[in-house]
Amino acid sequence: MFSRDLDFDRRFQLVNQLWRGFDRAFQELEPRGAAGPELTDDGERFVYSADLPGVSLEDVEVKLAGDVLTIAVKAAPPKLEGWSVHRRERQVVSSTRSWVLPVKVDAAATTARLTDGVLTVTVPKSPEEKPRTITVQAS
Amino acid sequence: MSHTVKAPNRPEPEATSAAQVLTPAVDILESDTALLVVADLPGVPKDAIKIDVAGRELTLEGRRAGESPIEYRRSFRLPLGVALDAITAEHKGGVLRLTLPKQSAQTTRQIPISVG
């Protein structure tokens with residue numbers, strides 16, 4: 001009985017290995033053009049960046065309401081009339097995401113920029129929230 | 001006309017540069033007069049894009065600078081009937097559009113049989 005269970009396990013191990021191999025093979029083949037959106041905090045400011053190839057300026061909306069940053073992307077589907085499709089890998093992404101920023105920010109100094117299909121939104125923190133270095137005094 | 005599109009190239013290990021090699025997503029469309037290859041190359045400026053045609057092999061390359069640089073690379077085998085010298089490229093908003101016109105003069109020719 002015991003040995004039979006072992007056999008069973010071994011068989012599953014093989015299957016698992018096989019699947020792992022498949023996963024790896026497909027991961028390598030999968031086109032990975034765009035990086036996912038990222039919100040980082042460098043101490044002085046929050047920086048949001050996302051790859052939006054082919055998305056035009058008017059399809060992006062950046063809103064800052066108090067401490068809530070909202071980024072909405074409305075991507076128009078491509079026009080394909082008159083074309084037959086051989087391959088379609090490029091994804092049309094429409095999304096709306098909001099973040100509650102953990103500290104007070106300077107809304108007036110916030111900038112958004114779309115360059116070569118990359119959206120970068122920079123939200124500076126309020127002066128009182130910026131990191132301060134405290135001098136250690138000898139007593 | 002048959003079209004063979006090669007599977008995306010496996011990233012090749014690069015000893016000289018630390019850039020990560022990625023396969024860009026593409027759309028391939030065809031009309032009566034042309035093939036259209038649309039590739040997403042976010043963050044790649046126009047000057048950092050290279051398009052090469054060697055024989056019937058078309059290679060796209062784009063370098064994205066930054067803290068962790070990315071090298072986009074992809075090759076395609078072009079079908080017969082593409083006018084290689086008439087390929088045009090357009091770059092906008094991180095998207096590269098390649099138009100590959102088909103050779104127009106594909107008129108049928110009758111071959112007379114001479115009586116021997």
# chains A, B, ... in the order shown; residues from 1 in each chain; ligands from 1
call {"tool": "interface_residues", "arguments": {"of": "chain A", "to": "chain B", "cutoff": "6 Å", "atoms": "only C-alpha atoms", "output": "compact mmCIF listing (two decimals) with all heavy atoms, in the first residue's frame"}}
result
# COMPACT_ATOMS: atom_id res chain seq x y z
N PRO A 31 4.66 37.65 -25.69
CA PRO A 31 5.17 39.00 -25.88
C PRO A 31 4.93 39.83 -24.62
O PRO A 31 3.85 39.78 -24.05
CB PRO A 31 4.32 39.55 -27.03
CG PRO A 31 3.55 38.42 -27.54
CD PRO A 31 3.47 37.39 -26.49
N ARG A 32 5.94 40.51 -24.21
CA ARG A 32 5.78 41.33 -23.02
C ARG A 32 6.25 42.73 -23.33
O ARG A 32 7.34 43.13 -23.01
CB ARG A 32 6.58 40.74 -21.86
CG ARG A 32 5.98 39.46 -21.32
CD ARG A 32 6.93 38.83 -20.36
NE ARG A 32 8.18 38.51 -21.02
CZ ARG A 32 9.30 38.26 -20.37
NH1 ARG A 32 9.35 38.32 -19.08
NH2 ARG A 32 10.39 37.97 -21.03
N GLY A 33 5.40 43.44 -24.06
CA GLY A 33 5.80 44.77 -24.48
C GLY A 33 5.69 45.78 -23.38
O GLY A 33 6.57 46.60 -23.18
N ASP A 51 2.78 52.09 -19.06
CA ASP A 51 2.97 52.01 -20.50
C ASP A 51 1.61 52.06 -21.17
O ASP A 51 0.76 51.21 -20.91
CB ASP A 51 3.65 50.69 -20.87
CG ASP A 51 5.13 50.70 -20.50
OD1 ASP A 51 5.60 51.76 -20.05
OD2 ASP A 51 5.78 49.66 -20.66
N PRO A 53 1.08 52.44 -24.90
CA PRO A 53 1.41 52.65 -26.30
C PRO A 53 0.15 52.83 -27.15
O PRO A 53 -0.80 52.06 -27.00
CB PRO A 53 2.17 51.38 -26.69
CG PRO A 53 1.78 50.37 -25.68
CD PRO A 53 1.50 51.12 -24.42
N GLY A 54 0.16 53.83 -27.99
CA GLY A 54 -0.95 54.06 -28.90
C GLY A 54 -2.13 54.80 -28.31
O GLY A 54 -3.10 55.07 -29.00
N TRP A 83 -9.24 45.29 -43.34
CA TRP A 83 -8.04 44.51 -43.07
C TRP A 83 -8.43 43.12 -42.61
O TRP A 83 -9.39 42.96 -41.85
CB TRP A 83 -7.21 45.16 -41.95
CG TRP A 83 -6.66 46.50 -42.29
CD1 TRP A 83 -7.21 47.71 -42.01
CD2 TRP A 83 -5.44 46.79 -42.98
NE1 TRP A 83 -6.41 48.73 -42.47
CE2 TRP A 83 -5.32 48.19 -43.07
CE3 TRP A 83 -4.43 45.99 -43.53
CZ2 TRP A 83 -4.24 48.82 -43.69
CZ3 TRP A 83 -3.36 46.61 -44.15
CH2 TRP A 83 -3.27 48.01 -44.23
N SER A 84 -7.68 42.13 -43.05
CA SER A 84 -7.85 40.82 -42.45
C SER A 84 -6.73 40.65 -41.42
O SER A 84 -5.62 41.15 -41.60
CB SER A 84 -7.80 39.72 -43.51
OG SER A 84 -6.59 39.79 -44.22
N VAL A 85 -7.06 39.99 -40.34
CA VAL A 85 -6.15 39.93 -39.20
C VAL A 85 -5.36 38.63 -39.21
O VAL A 85 -5.93 37.54 -39.27
CB VAL A 85 -6.94 40.06 -37.88
CG1 VAL A 85 -6.01 39.93 -36.68
CG2 VAL A 85 -7.69 41.38 -37.84
N HIS A 86 -4.04 38.74 -39.18
CA HIS A 86 -3.19 37.56 -39.08
C HIS A 86 -2.79 37.30 -37.64
O HIS A 86 -2.59 36.16 -37.24
CB HIS A 86 -1.91 37.75 -39.91
CG HIS A 86 -2.16 37.66 -41.38
ND1 HIS A 86 -2.36 36.47 -42.01
CD2 HIS A 86 -2.27 38.62 -42.32
CE1 HIS A 86 -2.57 36.70 -43.30
NE2 HIS A 86 -2.53 37.99 -43.51
N ARG A 87 -2.63 38.39 -36.90
CA ARG A 87 -2.13 38.25 -35.55
C ARG A 87 -2.57 39.46 -34.74
O ARG A 87 -2.45 40.59 -35.24
CB ARG A 87 -0.60 38.20 -35.61
CG ARG A 87 0.08 37.68 -34.38
CD ARG A 87 1.56 37.62 -34.66
NE ARG A 87 1.92 36.34 -35.25
CZ ARG A 87 2.60 35.41 -34.58
NH1 ARG A 87 3.00 35.62 -33.36
NH2 ARG A 87 2.90 34.27 -35.15
N ARG A 88 -3.08 39.23 -33.57
CA ARG A 88 -3.43 40.38 -32.72
C ARG A 88 -2.96 40.13 -31.30
O ARG A 88 -3.57 39.41 -30.55
CB ARG A 88 -4.94 40.62 -32.73
CG ARG A 88 -5.32 41.66 -33.75
CD ARG A 88 -6.71 42.15 -33.52
NE ARG A 88 -6.78 43.08 -32.40
CZ ARG A 88 -7.93 43.55 -31.96
NH1 ARG A 88 -9.05 43.17 -32.47
NH2 ARG A 88 -7.92 44.41 -30.97
N GLU A 89 -1.89 40.76 -30.96
CA GLU A 89 -1.32 40.58 -29.63
C GLU A 89 -1.46 41.85 -28.80
O GLU A 89 -1.45 41.79 -27.59
CB GLU A 89 0.17 40.24 -29.74
CG GLU A 89 0.45 38.97 -30.47
CD GLU A 89 1.92 38.82 -30.82
OE1 GLU A 89 2.69 39.77 -30.60
OE2 GLU A 89 2.28 37.75 -31.32
N ARG A 90 -1.54 42.97 -29.48
CA ARG A 90 -1.60 44.24 -28.75
C ARG A 90 -2.94 44.35 -28.05
O ARG A 90 -3.97 44.07 -28.62
CB ARG A 90 -1.40 45.41 -29.72
CG ARG A 90 -0.05 45.37 -30.39
CD ARG A 90 0.09 46.40 -31.49
NE ARG A 90 -0.06 47.74 -30.98
CZ ARG A 90 -1.00 48.59 -31.39
NH1 ARG A 90 -1.87 48.21 -32.30
NH2 ARG A 90 -1.08 49.79 -30.90
N ASP A 116 6.19 59.08 -25.80
CA ASP A 116 6.43 57.80 -26.49
C ASP A 116 5.61 56.66 -25.89
O ASP A 116 6.11 55.55 -25.70
CB ASP A 116 7.93 57.44 -26.45
CG ASP A 116 8.76 58.36 -27.33
OD1 ASP A 116 8.24 58.81 -28.37
OD2 ASP A 116 9.92 58.65 -26.97
N GLY A 117 4.38 56.96 -25.56
CA GLY A 117 3.50 55.91 -25.05
C GLY A 117 3.69 55.56 -23.59
O GLY A 117 3.21 54.53 -23.14
N VAL A 118 4.39 56.39 -22.85
CA VAL A 118 4.56 56.16 -21.42
C VAL A 118 3.97 57.34 -20.65
O VAL A 118 4.35 58.49 -20.88
CB VAL A 118 6.04 55.98 -21.03
CG1 VAL A 118 6.20 55.72 -19.53
CG2 VAL A 118 6.66 54.83 -21.81
call {"tool": "select_by_dssp", "arguments": {"residues": "segment 14-116 of chain B", "states": "helix (DSSP H, G or I)", "output": "list in words"}}
result
Lys46, Asp47, Ala48, Leu84, Asp85 and Ala86 of chain B
call {"tool": "atom_distance", "arguments": {"atom1": "atom CA of Val47 of chain A", "atom2": "atom CA of Val121 of chain A"}}
result
5.7 Å
call {"tool": "residues_around", "arguments": {"residues": "Lys130 of chain A", "least_positions_apart": "5", "cutoff": "9 Å", "atoms": "only C-alpha atoms", "output": "PDB file with all heavy atoms, in the first residue's frame"}}
result
ATOM      1  N   GLY A  43      10.145  59.748  -1.491  1.00  0.00           N
ATOM      2  CA  GLY A  43      10.373  60.618  -0.332  1.00  0.00           C
ATOM      3  C   GLY A  43       9.822  61.999  -0.569  1.00  0.00           C
ATOM      4  O   GLY A  43       8.985  62.495   0.182  1.00  0.00           O
ATOM      5  N   GLU A  44      10.238  62.615  -1.680  1.00  0.00           N
ATOM      6  CA  GLU A  44       9.811  63.966  -2.024  1.00  0.00           C
ATOM      7  C   GLU A  44       8.474  63.966  -2.767  1.00  0.00           C
ATOM      8  O   GLU A  44       7.725  64.921  -2.692  1.00  0.00           O
ATOM      9  CB  GLU A  44      10.856  64.624  -2.931  1.00  0.00           C
ATOM     10  CG  GLU A  44      12.240  64.697  -2.333  1.00  0.00           C
ATOM     11  CD  GLU A  44      12.432  65.960  -1.517  1.00  0.00           C
ATOM     12  OE1 GLU A  44      12.036  67.033  -2.000  1.00  0.00           O
ATOM     13  OE2 GLU A  44      12.953  65.871  -0.388  1.00  0.00           O
ATOM     14  N   ARG A  45       8.227  62.920  -3.538  1.00  0.00           N
ATOM     15  CA  ARG A  45       7.055  62.890  -4.418  1.00  0.00           C
ATOM     16  C   ARG A  45       6.609  61.465  -4.709  1.00  0.00           C
ATOM     17  O   ARG A  45       7.383  60.514  -4.544  1.00  0.00           O
ATOM     18  CB  ARG A  45       7.378  63.592  -5.736  1.00  0.00           C
ATOM     19  CG  ARG A  45       8.530  62.960  -6.487  1.00  0.00           C
ATOM     20  CD  ARG A  45       8.986  63.817  -7.641  1.00  0.00           C
ATOM     21  NE  ARG A  45       9.842  64.918  -7.209  1.00  0.00           N
ATOM     22  CZ  ARG A  45      11.147  64.791  -6.944  1.00  0.00           C
ATOM     23  NH1 ARG A  45      11.740  63.623  -7.041  1.00  0.00           N
ATOM     24  NH2 ARG A  45      11.850  65.820  -6.563  1.00  0.00           N
ATOM     25  N   PRO A 124       4.047  65.931  -6.161  1.00  0.00           N
ATOM     26  CA  PRO A 124       4.953  66.280  -5.051  1.00  0.00           C
ATOM     27  C   PRO A 124       4.203  66.288  -3.721  1.00  0.00           C
ATOM     28  O   PRO A 124       3.016  66.617  -3.669  1.00  0.00           O
ATOM     29  CB  PRO A 124       5.423  67.696  -5.405  1.00  0.00           C
ATOM     30  CG  PRO A 124       4.982  67.945  -6.808  1.00  0.00           C
ATOM     31  CD  PRO A 124       3.803  67.066  -7.045  1.00  0.00           C
ATOM     32  N   LYS A 125       4.892  65.959  -2.670  1.00  0.00           N
ATOM     33  CA  LYS A 125       4.294  65.995  -1.335  1.00  0.00           C
ATOM     34  C   LYS A 125       4.278  67.424  -0.822  1.00  0.00           C
ATOM     35  O   LYS A 125       5.066  68.269  -1.264  1.00  0.00           O
ATOM     36  CB  LYS A 125       5.115  65.123  -0.381  1.00  0.00           C
ATOM     37  CG  LYS A 125       5.068  63.659  -0.731  1.00  0.00           C
ATOM     38  CD  LYS A 125       5.863  62.847   0.288  1.00  0.00           C
ATOM     39  CE  LYS A 125       5.873  61.391  -0.113  1.00  0.00           C
ATOM     40  NZ  LYS A 125       6.693  60.578   0.815  1.00  0.00           N
TER      41      LYS A 125
END
call {"tool": "residues_around", "arguments": {"residues": "Tyr48 of chain A", "least_positions_apart": "2", "cutoff": "9 Å", "atoms": "only C-alpha atoms", "output": "list in words"}}
result
Pro37, Glu38, Leu39, Thr40, Asp41, Phe46, Ala50, Leu119, Thr120, Val121, Thr122 and Val123 of chain A
call {"tool": "atom_distance", "arguments": {"atom1": "atom CA of Ser98 of chain A", "atom2": "atom CA of Val60 of chain A"}}
result
13.6 Å
call {"tool": "atom_distance", "arguments": {"atom1": "atom CA of Lys104 of chain A", "atom2": "atom CA of Glu129 of chain A"}}
result
6.7 Å
call {"tool": "select_by_dssp", "arguments": {"residues": "segment 59-97 of chain A", "states": "strand (DSSP E or B)", "output": "mmCIF file with N, CA and C atoms, in the first residue's frame"}}
result
data_model
loop_
_atom_site.group_PDB
_atom_site.id
_atom_site.type_symbol
_atom_site.label_atom_id
_atom_site.label_comp_id
_atom_site.auth_asym_id
_atom_site.auth_seq_id
_atom_site.Cartn_x
_atom_site.Cartn_y
_atom_site.Cartn_z
ATOM 1 N N VAL A 60 -6.707 60.019 -21.850
ATOM 2 C CA VAL A 60 -6.177 59.851 -20.498
ATOM 3 C C VAL A 60 -6.718 60.959 -19.616
ATOM 4 N N GLU A 61 -7.197 60.592 -18.421
ATOM 5 C CA GLU A 61 -7.691 61.590 -17.491
ATOM 6 C C GLU A 61 -7.012 61.379 -16.143
ATOM 7 N N VAL A 62 -6.374 62.425 -15.664
ATOM 8 C CA VAL A 62 -5.708 62.364 -14.364
ATOM 9 C C VAL A 62 -6.412 63.337 -13.437
ATOM 10 N N LYS A 63 -6.869 62.820 -12.303
ATOM 11 C CA LYS A 63 -7.608 63.670 -11.362
ATOM 12 C C LYS A 63 -7.013 63.537 -9.978
ATOM 13 N N LEU A 64 -6.964 64.677 -9.300
ATOM 14 C CA LEU A 64 -6.491 64.658 -7.924
ATOM 15 C C LEU A 64 -7.543 65.377 -7.086
ATOM 16 N N ALA A 65 -8.264 64.618 -6.267
ATOM 17 C CA ALA A 65 -9.297 65.197 -5.422
ATOM 18 C C ALA A 65 -8.893 64.963 -3.979
ATOM 19 N N VAL A 68 -6.924 61.765 -3.111
ATOM 20 C CA VAL A 68 -7.254 60.625 -3.980
ATOM 21 C C VAL A 68 -6.804 60.915 -5.410
ATOM 22 N N LEU A 69 -5.891 60.096 -5.876
ATOM 23 C CA LEU A 69 -5.389 60.225 -7.243
ATOM 24 C C LEU A 69 -6.115 59.201 -8.108
ATOM 25 N N THR A 70 -6.743 59.687 -9.177
ATOM 26 C CA THR A 70 -7.465 58.785 -10.071
ATOM 27 C C THR A 70 -6.902 58.914 -11.476
ATOM 28 N N ILE A 71 -6.607 57.790 -12.075
ATOM 29 C CA ILE A 71 -6.099 57.785 -13.447
ATOM 30 C C ILE A 71 -7.011 56.895 -14.286
ATOM 31 N N ALA A 72 -7.647 57.527 -15.272
ATOM 32 C CA ALA A 72 -8.572 56.801 -16.137
ATOM 33 C C ALA A 72 -8.035 56.784 -17.558
ATOM 34 N N VAL A 73 -8.040 55.615 -18.167
ATOM 35 C CA VAL A 73 -7.581 55.456 -19.549
ATOM 36 C C VAL A 73 -8.722 54.849 -20.352
ATOM 37 N N SER A 84 -7.679 42.131 -43.054
ATOM 38 C CA SER A 84 -7.846 40.817 -42.449
ATOM 39 C C SER A 84 -6.732 40.652 -41.417
ATOM 40 N N VAL A 85 -7.064 39.985 -40.338
ATOM 41 C CA VAL A 85 -6.148 39.928 -39.204
ATOM 42 C C VAL A 85 -5.356 38.627 -39.211
ATOM 43 N N HIS A 86 -4.037 38.744 -39.180
ATOM 44 C CA HIS A 86 -3.190 37.563 -39.079
ATOM 45 C C HIS A 86 -2.788 37.299 -37.644
ATOM 46 N N ARG A 87 -2.629 38.386 -36.898
ATOM 47 C CA ARG A 87 -2.128 38.251 -35.548
ATOM 48 C C ARG A 87 -2.572 39.460 -34.744
ATOM 49 N N ARG A 88 -3.083 39.232 -33.568
ATOM 50 C CA ARG A 88 -3.432 40.377 -32.715
ATOM 51 C C ARG A 88 -2.962 40.134 -31.301
ATOM 52 N N SER A 95 -9.011 51.417 -18.364
ATOM 53 C CA SER A 95 -9.014 51.135 -16.932
ATOM 54 C C SER A 95 -9.174 52.419 -16.141
ATOM 55 N N THR A 96 -9.678 52.268 -14.952
ATOM 56 C CA THR A 96 -9.743 53.394 -14.019
ATOM 57 C C THR A 96 -9.200 52.888 -12.692
ATOM 58 N N ARG A 97 -8.218 53.610 -12.173
ATOM 59 C CA ARG A 97 -7.662 53.210 -10.883
ATOM 60 C C ARG A 97 -7.537 54.421 -9.987
#
call {"tool": "closest_residue", "arguments": {"among": "B:Ala83, B:Leu78, B:Leu98, B:Ala19", "to": "Lys50 of chain B", "atoms": "only C-alpha atoms"}}
result
B:Leu98
call {"tool": "residues_around", "arguments": {"residues": "Ala75 of chain A", "least_positions_apart": "5", "cutoff": "9 Å", "atoms": "only C-alpha atoms", "output": "MDAnalysis selection string"}}
result
chainID A and resid 52 54:56 59:60 92:95
call {"tool": "write_last_selection", "arguments": {"atoms": "C-alpha atoms", "output": "short mmCIF file (atom, residue, chain, number, x, y, z; two decimals), in the first residue's frame"}}
result
data_model
loop_
_atom_site.label_atom_id
_atom_site.label_comp_id
_atom_site.auth_asym_id
_atom_site.auth_seq_id
_atom_site.Cartn_x
_atom_site.Cartn_y
_atom_site.Cartn_z
CA LEU A 52 0.16 53.18 -22.76
CA GLY A 54 -0.95 54.06 -28.90
CA VAL A 55 -3.15 55.84 -26.37
CA SER A 56 -3.70 59.49 -27.22
CA ASP A 59 -8.02 59.38 -23.79
CA VAL A 60 -6.18 59.85 -20.50
CA VAL A 92 -6.57 47.53 -25.79
CA VAL A 93 -6.64 48.58 -22.18
CA SER A 94 -9.31 50.74 -20.65
CA SER A 95 -9.01 51.13 -16.93
#
call {"tool": "closest_residue", "arguments": {"among": "A:Asp106, A:Gly82, A:Arg20, A:Trp99", "to": "Thr33 of chain B", "atoms": "only C-alpha atoms"}}
result
A:Gly82
